[in-house]
Amino acid sequence: MKARTLKKDKVNIVTMGCSKNLVDSEVLLTQLRGNGINASHESGTDDNNIIIINTCGFIDNAKQESIDTILQYVEAKEQGLVDKVYVTGCLSQRYKDDLEMEIPQVDAFFGTRDLPAILKKFKADYKHELVGERLLTHSSHYAYMKISEGCDRPCSFCAIPIMRGGHISRPIEELVKEAQHKAAGGTKELLLIAQDSTYYGLDIYKKRNLAELMRRLSDVEGIDWIRLHYAYPTGFPMEVIEVMKERDNICNYLDIPLQHGSTDVLTAMRRGTTREKQENLIHSIRDILPDIAIRTTLIAGHPGEGEKEFQEMVDFVERMRFERLGVFTYSHEESTHAYTMEDIIPQEVKQERANHLMEIQEQISYDLNQEKIGKTFKVLIDKKEGGHFVGRTEYDSVEVDNEVLIDASKYYCRVGDFVQATVTEATEFDLYATVEE
């Protein structure tokens with residue numbers, strides 16, 4: 001008698017939200033495959049019978065997108081198209097009880113630090129020998145590297161400590177090993193990420209040790225660019241800028257979310273700093289390293305932001321002339337300190353303020369980009385899109401910053417390679433360039 005063959009499970013991981021979530025999904029993917037499980041990331045095929053959704057719970061729009069995605073796959077389950085739906089990540093960590101009640105069709109909910117529990121559902125073990133190894137879900141020439149997890153900061157508007165827990169740094173040796181593994185696989189750029197990268201090391205080394213970590217990573221052969229993200233301004237270790245200056249493979253780039261330009265609002269935000277201190281910090285950084293691109297983010301419409309405070313932020317942006325800027329509208333998040341304040345600014349006013357700031361930034365970006373015309377830059381080619389090869393300079397991070405566009409009908413570039421590109425034309429957010437043959 002012929003034995004009936006069982007259909008083998010195929011797992012699809014769907015990621016919502018930020019690059020930190022993407023890293024978590026890549027770690028999960030690596031562990032599942034290391035256990036012999038057929039798993040993929042956002043596979044695009046419809047033959048996966050198990051879905052794992054890694055959710056985002058940061059602000060209202062992100063939460064809604066995560067919930068819509070869960071409901072989409074729950075409906076597919078009810079139609080018999082998938083067998084199981086698992087939910088993990090920030091939304092699941094924060095609202096697990098509510099979600100279990102509202103969407104009982106989900107087979108299990110997991111928090112942000114429940115990787116071993118997810119693996120148990122697949123009768124799989126957490127393989128310690130895979131620590132430092134990670135299957136990338138995008139082109140292998142760049143890789144995000146999460147240097148720590150969680151956050152100890154008390155910012156009024158932020159729910160990340162609720163979802164991600166307290167700050168935990170990863171040991172330098174573990175990160176160096178991961179960088180060596182990535183370099184051996186063809187990675188040329190490491191993007192250092194954390195909830196708060198400047199806090200790195202305080203828990204395990206009893207001092208801010210980010211500069212030492214960057215030196216050690218800089219020594220890894222094959223890594224051409226190291227890029228620093230999410231540096232908290234209060235207590236910023238200036239030694240980091242000195243290391244940027246002395247090491248050629250550390251990009252002259254700093255992502256430092258300042259959040260506001262009014263001291264009164266910064267106080268309401270519990271940021272532990274003032275507008276004057278922030279301005280002095282930016283000036284000090286630029287004094288040491290004039291050739292640096294500073295990216296920051298601001299929040300429009302936080303409780304306590306009247307017309308006066310908003311104008312202070314406008315003046316701040318005009319004075320500082322940041323190379324890169326993103327603006328979010330304030331989101332009133334349960335369980336945060338700001339939730340105890342009145343959220344009285346209408347959403348349309350928040351959006352108008354955000355738009356006004358971005359209009360100012362567009363002009364600043366345009367002016368700064370015009371200065372690049374005629375100059376030659378080292379450019380990393382990320383992809384071919386339409387009729388252009390698309391790359392970035394050391395002053396630009398993946399997806400959020402300027403792109404360099406090279407006419408594919410005139411020049412050939414290989415994705416993942418560096419080229420010397422001369423800027424011939426510039427708009428607010430794009431540079432057009434020719435390459436040396």
# chains A, B, ... in the order shown; residues from 1 in each chain; ligands from 1
>>> select_by_dssp(residues="region 259-325 of chain A", states="strand (DSSP E or B)", output="PDB file with all heavy atoms, in the first residue's frame")
ATOM      1  N   GLN A 259      14.032  66.045  16.734  1.00  0.00           N
ATOM      2  CA  GLN A 259      12.594  66.042  17.051  1.00  0.00           C
ATOM      3  C   GLN A 259      11.934  67.412  17.160  1.00  0.00           C
ATOM      4  O   GLN A 259      10.751  67.538  16.862  1.00  0.00           O
ATOM      5  CB  GLN A 259      12.300  65.239  18.332  1.00  0.00           C
ATOM      6  CG  GLN A 259      12.890  63.845  18.355  1.00  0.00           C
ATOM      7  CD  GLN A 259      12.409  62.917  17.242  1.00  0.00           C
ATOM      8  OE1 GLN A 259      11.797  63.346  16.297  1.00  0.00           O
ATOM      9  NE2 GLN A 259      12.737  61.647  17.351  1.00  0.00           N
ATOM     10  N   ALA A 293      27.264  65.084   6.203  1.00  0.00           N
ATOM     11  CA  ALA A 293      25.833  65.220   5.919  1.00  0.00           C
ATOM     12  C   ALA A 293      25.073  64.821   7.171  1.00  0.00           C
ATOM     13  O   ALA A 293      25.229  63.698   7.669  1.00  0.00           O
ATOM     14  CB  ALA A 293      25.434  64.329   4.745  1.00  0.00           C
ATOM     15  N   ILE A 294      24.270  65.738   7.689  1.00  0.00           N
ATOM     16  CA  ILE A 294      23.491  65.465   8.901  1.00  0.00           C
ATOM     17  C   ILE A 294      22.035  65.278   8.510  1.00  0.00           C
ATOM     18  O   ILE A 294      21.431  66.137   7.879  1.00  0.00           O
ATOM     19  CB  ILE A 294      23.637  66.608   9.920  1.00  0.00           C
ATOM     20  CG1 ILE A 294      25.090  66.670  10.416  1.00  0.00           C
ATOM     21  CG2 ILE A 294      22.669  66.418  11.088  1.00  0.00           C
ATOM     22  CD1 ILE A 294      25.381  67.819  11.361  1.00  0.00           C
ATOM     23  N   ARG A 295      21.502  64.093   8.862  1.00  0.00           N
ATOM     24  CA  ARG A 295      20.075  63.814   8.675  1.00  0.00           C
ATOM     25  C   ARG A 295      19.398  63.928  10.024  1.00  0.00           C
ATOM     26  O   ARG A 295      19.899  63.416  11.024  1.00  0.00           O
ATOM     27  CB  ARG A 295      19.872  62.409   8.107  1.00  0.00           C
ATOM     28  CG  ARG A 295      18.470  61.839   8.413  1.00  0.00           C
ATOM     29  CD  ARG A 295      18.101  60.620   7.628  1.00  0.00           C
ATOM     30  NE  ARG A 295      17.632  60.986   6.301  1.00  0.00           N
ATOM     31  CZ  ARG A 295      16.407  61.447   6.028  1.00  0.00           C
ATOM     32  NH1 ARG A 295      15.514  61.621   6.988  1.00  0.00           N
ATOM     33  NH2 ARG A 295      16.066  61.753   4.802  1.00  0.00           N
ATOM     34  N   THR A 296      18.258  64.592  10.055  1.00  0.00           N
ATOM     35  CA  THR A 296      17.483  64.618  11.285  1.00  0.00           C
ATOM     36  C   THR A 296      16.003  64.433  10.978  1.00  0.00           C
ATOM     37  O   THR A 296      15.585  64.496   9.817  1.00  0.00           O
ATOM     38  CB  THR A 296      17.716  65.913  12.085  1.00  0.00           C
ATOM     39  OG1 THR A 296      17.235  65.723  13.422  1.00  0.00           O
ATOM     40  CG2 THR A 296      17.011  67.104  11.465  1.00  0.00           C
ATOM     41  N   THR A 297      15.245  64.146  12.037  1.00  0.00           N
ATOM     42  CA  THR A 297      13.782  64.069  11.917  1.00  0.00           C
ATOM     43  C   THR A 297      13.166  65.008  12.949  1.00  0.00           C
ATOM     44  O   THR A 297      13.725  65.213  14.028  1.00  0.00           O
ATOM     45  CB  THR A 297      13.256  62.640  12.149  1.00  0.00           C
ATOM     46  OG1 THR A 297      13.847  62.102  13.334  1.00  0.00           O
ATOM     47  CG2 THR A 297      13.571  61.744  10.982  1.00  0.00           C
ATOM     48  N   LEU A 298      12.027  65.566  12.591  1.00  0.00           N
ATOM     49  CA  LEU A 298      11.286  66.469  13.467  1.00  0.00           C
ATOM     50  C   LEU A 298       9.842  66.018  13.553  1.00  0.00           C
ATOM     51  O   LEU A 298       9.342  65.339  12.643  1.00  0.00           O
ATOM     52  CB  LEU A 298      11.347  67.898  12.925  1.00  0.00           C
ATOM     53  CG  LEU A 298      12.745  68.530  12.787  1.00  0.00           C
ATOM     54  CD1 LEU A 298      12.657  69.858  12.053  1.00  0.00           C
ATOM     55  CD2 LEU A 298      13.412  68.698  14.142  1.00  0.00           C
ATOM     56  N   ILE A 299       9.186  66.400  14.651  1.00  0.00           N
ATOM     57  CA  ILE A 299       7.769  66.068  14.849  1.00  0.00           C
ATOM     58  C   ILE A 299       6.966  67.364  14.876  1.00  0.00           C
ATOM     59  O   ILE A 299       7.276  68.276  15.649  1.00  0.00           O
ATOM     60  CB  ILE A 299       7.561  65.288  16.162  1.00  0.00           C
ATOM     61  CG1 ILE A 299       8.277  63.938  16.100  1.00  0.00           C
ATOM     62  CG2 ILE A 299       6.071  65.098  16.452  1.00  0.00           C
ATOM     63  CD1 ILE A 299       8.263  63.169  17.406  1.00  0.00           C
ATOM     64  N   ALA A 300       5.947  67.440  14.035  1.00  0.00           N
ATOM     65  CA  ALA A 300       5.054  68.610  14.002  1.00  0.00           C
ATOM     66  C   ALA A 300       3.781  68.285  14.770  1.00  0.00           C
ATOM     67  O   ALA A 300       3.181  67.227  14.569  1.00  0.00           O
ATOM     68  CB  ALA A 300       4.720  68.971  12.557  1.00  0.00           C
ATOM     69  N   ARG A 324      19.805  66.671   5.269  1.00  0.00           N
ATOM     70  CA  ARG A 324      18.682  65.747   5.091  1.00  0.00           C
ATOM     71  C   ARG A 324      17.677  65.968   6.222  1.00  0.00           C
ATOM     72  O   ARG A 324      18.074  66.129   7.366  1.00  0.00           O
ATOM     73  CB  ARG A 324      19.146  64.283   5.131  1.00  0.00           C
ATOM     74  CG  ARG A 324      20.390  63.981   4.282  1.00  0.00           C
ATOM     75  CD  ARG A 324      20.048  63.868   2.815  1.00  0.00           C
ATOM     76  NE  ARG A 324      21.228  63.604   2.010  1.00  0.00           N
ATOM     77  CZ  ARG A 324      21.864  64.505   1.270  1.00  0.00           C
ATOM     78  NH1 ARG A 324      21.441  65.751   1.242  1.00  0.00           N
ATOM     79  NH2 ARG A 324      22.922  64.169   0.553  1.00  0.00           N
ATOM     80  N   LEU A 325      16.396  65.931   5.896  1.00  0.00           N
ATOM     81  CA  LEU A 325      15.370  66.145   6.918  1.00  0.00           C
ATOM     82  C   LEU A 325      14.114  65.357   6.596  1.00  0.00           C
ATOM     83  O   LEU A 325      13.656  65.324   5.452  1.00  0.00           O
ATOM     84  CB  LEU A 325      15.018  67.642   7.004  1.00  0.00           C
ATOM     85  CG  LEU A 325      13.850  68.034   7.925  1.00  0.00           C
ATOM     86  CD1 LEU A 325      14.213  67.783   9.377  1.00  0.00           C
ATOM     87  CD2 LEU A 325      13.468  69.499   7.724  1.00  0.00           C
TER      88      LEU A 325
END
>>> residues_around(residues="region 263-267 of chain A", least_positions_apart="2", cutoff="9 Å", atoms="only C-alpha atoms", output="PDB file with N, CA, C and O atoms, in the first residue's frame")
ATOM      1  N   LEU A 258      16.503  64.986  16.103  1.00  0.00           N
ATOM      2  CA  LEU A 258      16.446  66.083  17.077  1.00  0.00           C
ATOM      3  C   LEU A 258      15.015  66.359  17.550  1.00  0.00           C
ATOM      4  O   LEU A 258      14.810  66.894  18.631  1.00  0.00           O
ATOM      5  N   GLN A 259      14.032  66.045  16.734  1.00  0.00           N
ATOM      6  CA  GLN A 259      12.594  66.042  17.051  1.00  0.00           C
ATOM      7  C   GLN A 259      11.934  67.412  17.160  1.00  0.00           C
ATOM      8  O   GLN A 259      10.751  67.538  16.862  1.00  0.00           O
ATOM      9  N   HIS A 260      12.656  68.472  17.594  1.00  0.00           N
ATOM     10  CA  HIS A 260      12.021  69.788  17.635  1.00  0.00           C
ATOM     11  C   HIS A 260      13.065  70.888  17.739  1.00  0.00           C
ATOM     12  O   HIS A 260      14.227  70.623  18.047  1.00  0.00           O
ATOM     13  N   GLY A 261      12.606  72.132  17.468  1.00  0.00           N
ATOM     14  CA  GLY A 261      13.506  73.276  17.544  1.00  0.00           C
ATOM     15  C   GLY A 261      13.071  74.305  18.560  1.00  0.00           C
ATOM     16  O   GLY A 261      13.552  75.437  18.570  1.00  0.00           O
ATOM     17  N   MET A 269       8.622  67.141  25.522  1.00  0.00           N
ATOM     18  CA  MET A 269       8.973  65.838  24.935  1.00  0.00           C
ATOM     19  C   MET A 269       9.877  64.999  25.843  1.00  0.00           C
ATOM     20  O   MET A 269      10.142  63.845  25.543  1.00  0.00           O
ATOM     21  N   ARG A 270      10.400  65.602  26.906  1.00  0.00           N
ATOM     22  CA  ARG A 270      11.326  64.934  27.838  1.00  0.00           C
ATOM     23  C   ARG A 270      12.600  64.474  27.123  1.00  0.00           C
ATOM     24  O   ARG A 270      13.094  63.368  27.344  1.00  0.00           O
ATOM     25  N   ARG A 271      13.139  65.367  26.300  1.00  0.00           N
ATOM     26  CA  ARG A 271      14.325  65.026  25.516  1.00  0.00           C
ATOM     27  C   ARG A 271      15.631  65.302  26.261  1.00  0.00           C
ATOM     28  O   ARG A 271      16.712  64.937  25.790  1.00  0.00           O
ATOM     29  N   GLY A 272      15.557  66.011  27.391  1.00  0.00           N
ATOM     30  CA  GLY A 272      16.770  66.247  28.175  1.00  0.00           C
ATOM     31  C   GLY A 272      17.735  67.221  27.529  1.00  0.00           C
ATOM     32  O   GLY A 272      18.941  67.150  27.776  1.00  0.00           O
ATOM     33  N   THR A 273      17.217  68.117  26.679  1.00  0.00           N
ATOM     34  CA  THR A 273      18.089  69.059  25.992  1.00  0.00           C
ATOM     35  C   THR A 273      17.309  70.328  25.668  1.00  0.00           C
ATOM     36  O   THR A 273      16.117  70.434  25.969  1.00  0.00           O
ATOM     37  N   THR A 274      17.992  71.311  25.090  1.00  0.00           N
ATOM     38  CA  THR A 274      17.363  72.569  24.693  1.00  0.00           C
ATOM     39  C   THR A 274      17.716  72.864  23.241  1.00  0.00           C
ATOM     40  O   THR A 274      18.606  72.225  22.668  1.00  0.00           O
ATOM     41  N   ARG A 275      17.015  73.855  22.653  1.00  0.00           N
ATOM     42  CA  ARG A 275      17.350  74.250  21.283  1.00  0.00           C
ATOM     43  C   ARG A 275      18.797  74.713  21.208  1.00  0.00           C
ATOM     44  O   ARG A 275      19.531  74.370  20.285  1.00  0.00           O
ATOM     45  N   GLU A 276      19.230  75.524  22.202  1.00  0.00           N
ATOM     46  CA  GLU A 276      20.607  76.046  22.199  1.00  0.00           C
ATOM     47  C   GLU A 276      21.621  74.906  22.229  1.00  0.00           C
ATOM     48  O   GLU A 276      22.620  74.929  21.500  1.00  0.00           O
ATOM     49  N   HIS A 302       3.268  68.246  18.320  1.00  0.00           N
ATOM     50  CA  HIS A 302       3.312  67.659  19.664  1.00  0.00           C
ATOM     51  C   HIS A 302       2.515  68.545  20.626  1.00  0.00           C
ATOM     52  O   HIS A 302       2.492  69.767  20.468  1.00  0.00           O
ATOM     53  N   PRO A 303       1.833  67.960  21.624  1.00  0.00           N
ATOM     54  CA  PRO A 303       1.122  68.787  22.609  1.00  0.00           C
ATOM     55  C   PRO A 303       2.022  69.881  23.176  1.00  0.00           C
ATOM     56  O   PRO A 303       3.165  69.616  23.563  1.00  0.00           O
ATOM     57  N   GLY A 304       1.488  71.101  23.203  1.00  0.00           N
ATOM     58  CA  GLY A 304       2.279  72.244  23.671  1.00  0.00           C
ATOM     59  C   GLY A 304       2.907  73.043  22.548  1.00  0.00           C
ATOM     60  O   GLY A 304       3.498  74.103  22.788  1.00  0.00           O
ATOM     61  N   GLU A 305       2.770  72.569  21.308  1.00  0.00           N
ATOM     62  CA  GLU A 305       3.325  73.295  20.163  1.00  0.00           C
ATOM     63  C   GLU A 305       2.278  74.281  19.646  1.00  0.00           C
ATOM     64  O   GLU A 305       1.389  73.916  18.880  1.00  0.00           O
ATOM     65  N   GLU A 309       5.893  78.248  19.137  1.00  0.00           N
ATOM     66  CA  GLU A 309       6.840  77.125  19.193  1.00  0.00           C
ATOM     67  C   GLU A 309       7.103  76.556  17.797  1.00  0.00           C
ATOM     68  O   GLU A 309       8.233  76.171  17.474  1.00  0.00           O
ATOM     69  N   GLU A 312       9.496  78.765  16.059  1.00  0.00           N
ATOM     70  CA  GLU A 312      10.856  78.507  16.550  1.00  0.00           C
ATOM     71  C   GLU A 312      11.475  77.323  15.805  1.00  0.00           C
ATOM     72  O   GLU A 312      12.669  77.331  15.491  1.00  0.00           O
TER      73      GLU A 312
END
>>> residues_around(residues="Lys10 (chain A)", least_positions_apart="4", cutoff="9 Å", atoms="only C-alpha atoms", output="MDAnalysis selection string")
chainID A and resid 37:40 47:51
>>> closest_residue(among="A:Asp83, A:Thr427, A:Asp417, A:Ile406", to="Glu362 (chain A)", atoms="only C-alpha atoms")
A:Thr427
>>> closest_residue(among="A:Arg392, A:Arg153, A:His41, A:Lys277", to="Ala421 (chain A)", atoms="only C-alpha atoms")
A:Arg392
>>> residues_around(residues="region 80-82 of chain A", least_positions_apart="2", cutoff="12 Å", atoms="only C-alpha atoms", output="PyMOL selection string")
chain A and resi 9-12+45-52+72-78+84-86+105-107
>>> write_last_selection(atoms="N, CA, C and O atoms", output="compact mmCIF listing (two decimals), in the first residue's frame")
# COMPACT_ATOMS: atom_id res chain seq x y z
N ASP A 9 5.54 22.03 4.58
CA ASP A 9 5.23 23.43 4.91
C ASP A 9 6.14 24.39 4.14
O ASP A 9 7.34 24.14 3.97
N LYS A 10 5.53 25.49 3.68
CA LYS A 10 6.29 26.60 3.11
C LYS A 10 5.91 27.86 3.88
O LYS A 10 4.73 28.19 3.99
N VAL A 11 6.92 28.51 4.43
CA VAL A 11 6.70 29.66 5.31
C VAL A 11 7.04 30.95 4.57
O VAL A 11 8.09 31.05 3.93
N ASN A 12 6.16 31.94 4.69
CA ASN A 12 6.43 33.27 4.13
C ASN A 12 6.43 34.28 5.27
O ASN A 12 5.47 34.37 6.04
N THR A 45 4.84 34.58 -4.07
CA THR A 45 4.10 33.44 -4.63
C THR A 45 2.93 33.11 -3.71
O THR A 45 2.89 33.54 -2.56
N ASP A 46 1.98 32.33 -4.20
CA ASP A 46 0.79 32.04 -3.39
C ASP A 46 0.77 30.59 -2.92
O ASP A 46 -0.29 30.04 -2.61
N ASP A 47 1.96 29.95 -2.88
CA ASP A 47 1.99 28.55 -2.46
C ASP A 47 2.54 28.38 -1.05
O ASP A 47 2.96 27.30 -0.65
N ASN A 48 2.54 29.47 -0.25
CA ASN A 48 2.99 29.37 1.14
C ASN A 48 1.79 29.05 2.03
O ASN A 48 0.77 29.72 1.96
N ASN A 49 1.94 28.04 2.87
CA ASN A 49 0.79 27.66 3.70
C ASN A 49 0.89 28.19 5.13
O ASN A 49 -0.06 28.11 5.89
N ILE A 50 2.06 28.75 5.50
CA ILE A 50 2.21 29.36 6.82
C ILE A 50 2.73 30.78 6.64
O ILE A 50 3.73 30.99 5.94
N ILE A 51 2.07 31.73 7.28
CA ILE A 51 2.45 33.14 7.16
C ILE A 51 2.87 33.65 8.54
O ILE A 51 2.17 33.44 9.53
N ILE A 52 4.02 34.33 8.59
CA ILE A 52 4.45 35.02 9.81
C ILE A 52 4.50 36.51 9.48
O ILE A 52 5.24 36.93 8.61
N GLN A 72 -5.95 40.53 6.07
CA GLN A 72 -5.83 39.99 4.71
C GLN A 72 -5.46 38.51 4.75
O GLN A 72 -6.06 37.67 4.05
N TYR A 73 -4.49 38.16 5.61
CA TYR A 73 -4.06 36.76 5.67
C TYR A 73 -5.02 35.88 6.47
O TYR A 73 -5.15 34.68 6.20
N VAL A 74 -5.73 36.48 7.43
CA VAL A 74 -6.77 35.74 8.15
C VAL A 74 -7.89 35.35 7.19
O VAL A 74 -8.41 34.22 7.23
N GLU A 75 -8.23 36.27 6.29
CA GLU A 75 -9.26 35.98 5.28
C GLU A 75 -8.78 34.86 4.35
O GLU A 75 -9.55 33.96 4.00
N ALA A 76 -7.49 34.91 3.98
CA ALA A 76 -6.93 33.85 3.14
C ALA A 76 -6.99 32.51 3.87
O ALA A 76 -7.26 31.46 3.25
N LYS A 77 -6.78 32.54 5.18
CA LYS A 77 -6.87 31.30 5.98
C LYS A 77 -8.31 30.77 5.96
O LYS A 77 -8.54 29.56 5.80
N GLU A 78 -9.26 31.67 6.13
CA GLU A 78 -10.67 31.25 6.15
C GLU A 78 -11.11 30.69 4.80
O GLU A 78 -12.01 29.86 4.73
N LYS A 84 -1.89 28.38 8.47
CA LYS A 84 -1.63 29.03 9.75
C LYS A 84 -1.16 30.47 9.54
O LYS A 84 -0.44 30.77 8.58
N VAL A 85 -1.55 31.36 10.47
CA VAL A 85 -1.10 32.75 10.48
C VAL A 85 -0.53 33.05 11.87
O VAL A 85 -1.25 32.93 12.87
N TYR A 86 0.74 33.41 11.91
CA TYR A 86 1.38 33.83 13.16
C TYR A 86 1.70 35.32 13.07
O TYR A 86 2.04 35.82 12.00
N GLN A 105 -8.74 34.32 14.91
CA GLN A 105 -8.36 33.39 13.83
C GLN A 105 -6.83 33.25 13.70
O GLN A 105 -6.34 32.31 13.09
N VAL A 106 -6.08 34.22 14.27
CA VAL A 106 -4.62 34.12 14.26
C VAL A 106 -4.21 32.97 15.18
O VAL A 106 -4.71 32.83 16.29
N ASP A 107 -3.27 32.14 14.71
CA ASP A 107 -2.91 30.93 15.46
C ASP A 107 -2.07 31.21 16.69
O ASP A 107 -2.16 30.48 17.68
>>> closest_residue(among="A:Val27, A:Ala211, A:Ile223, A:Ile172", to="Gly186 (chain A)", atoms="only C-alpha atoms")
A:Ile223
>>> closest_atom_pairs(of="region 178-245 of chain A", to="region 21-25 of chain A", cutoff="12 Å", atoms="only C-alpha atoms", output="JSON lines")
{"residue": "A:Leu191", "atom": "CA", "partner": "A:Val23", "partner_atom": "CA", "distance": 11.2}
{"residue": "A:Leu192", "atom": "CA", "partner": "A:Val23", "partner_atom": "CA", "distance": 11.2}
{"residue": "A:Ile193", "atom": "CA", "partner": "A:Val23", "partner_atom": "CA", "distance": 9.6}
{"residue": "A:Ala194", "atom": "CA", "partner": "A:Val23", "partner_atom": "CA", "distance": 10.7}
{"residue": "A:Gln195", "atom": "CA", "partner": "A:Asn21", "partner_atom": "CA", "distance": 11.3}
>>> write_last_selection(atoms="all heavy atoms", output="tab-separated table (two decimals), in the first residue's frame")
chain	number	residue	atom	x	y	z
A	191	LEU	N	25.07	49.48	7.67
A	191	LEU	CA	24.27	50.57	8.21
A	191	LEU	C	23.96	50.24	9.66
A	191	LEU	O	23.19	49.31	9.95
A	191	LEU	CB	22.98	50.73	7.41
A	191	LEU	CG	23.16	51.06	5.92
A	191	LEU	CD1	23.04	49.79	5.07
A	191	LEU	CD2	22.14	52.08	5.44
A	192	LEU	N	24.61	50.94	10.59
A	192	LEU	CA	24.44	50.66	12.01
A	192	LEU	C	23.12	51.25	12.49
A	192	LEU	O	22.86	52.45	12.32
A	192	LEU	CB	25.61	51.24	12.81
A	192	LEU	CG	27.02	50.86	12.37
A	192	LEU	CD1	28.05	51.34	13.39
A	192	LEU	CD2	27.16	49.36	12.11
A	193	ILE	N	22.29	50.41	13.09
A	193	ILE	CA	20.98	50.86	13.56
A	193	ILE	C	20.76	50.40	14.99
A	193	ILE	O	21.37	49.43	15.47
A	193	ILE	CB	19.83	50.36	12.66
A	193	ILE	CG1	19.83	48.82	12.59
A	193	ILE	CG2	19.91	50.97	11.27
A	193	ILE	CD1	18.62	48.24	11.86
A	194	ALA	N	19.89	51.11	15.69
A	194	ALA	CA	19.51	50.80	17.07
A	194	ALA	C	18.33	51.71	17.39
A	194	ALA	O	18.01	52.61	16.62
A	194	ALA	CB	20.67	51.07	18.02
A	195	GLN	N	17.70	51.49	18.53
A	195	GLN	CA	16.72	52.50	18.97
A	195	GLN	C	17.47	53.75	19.41
A	195	GLN	O	16.99	54.87	19.26
A	195	GLN	CB	15.87	51.97	20.13
A	195	GLN	CG	15.23	50.61	19.89
A	195	GLN	CD	14.30	50.57	18.70
A	195	GLN	OE1	13.78	51.59	18.27
A	195	GLN	NE2	14.10	49.39	18.13
>>> residues_around(residues="Leu190 (chain A)", least_positions_apart="2", cutoff="8 Å", atoms="only C-alpha atoms", output="list in words")
Tyr142, Ala143, Tyr144, Met145, Ala179, Thr187, Lys188, Leu192, Ile223, Trp225, Ile226 and Arg227 of chain A
>>> residues_around(residues="Ser197 (chain A)", least_positions_apart="5", cutoff="7 Å", atoms="only C-alpha atoms", output="list in words")
Tyr230, Ala231 and Tyr232 of chain A
>>> write_last_selection(atoms="C-alpha atoms", output="compact mmCIF listing (two decimals), in the first residue's frame")
# COMPACT_ATOMS: atom_id res chain seq x y z
CA TYR A 230 19.62 56.92 15.10
CA ALA A 231 22.14 58.75 17.28
CA TYR A 232 20.43 60.37 20.27
>>> select_by_dssp(residues="region 219-374 of chain A", states="helix (DSSP H, G or I)", output="ChimeraX atom specification")
/A:239-246,263-268,275-288,307-320,337-340,347-370
>>> atom_distance(atom1="CA of Glu323 (chain A)", atom2="CA of Val419 (chain A)")
22.5 Å
>>> atom_distance(atom1="CA of Pro257 (chain A)", atom2="CA of Tyr339 (chain A)")
20.9 Å
>>> closest_residue(among="A:Ile204, A:Thr329, A:Asp287, A:Gln361", to="Glu348 (chain A)", atoms="only C-alpha atoms")
A:Thr329
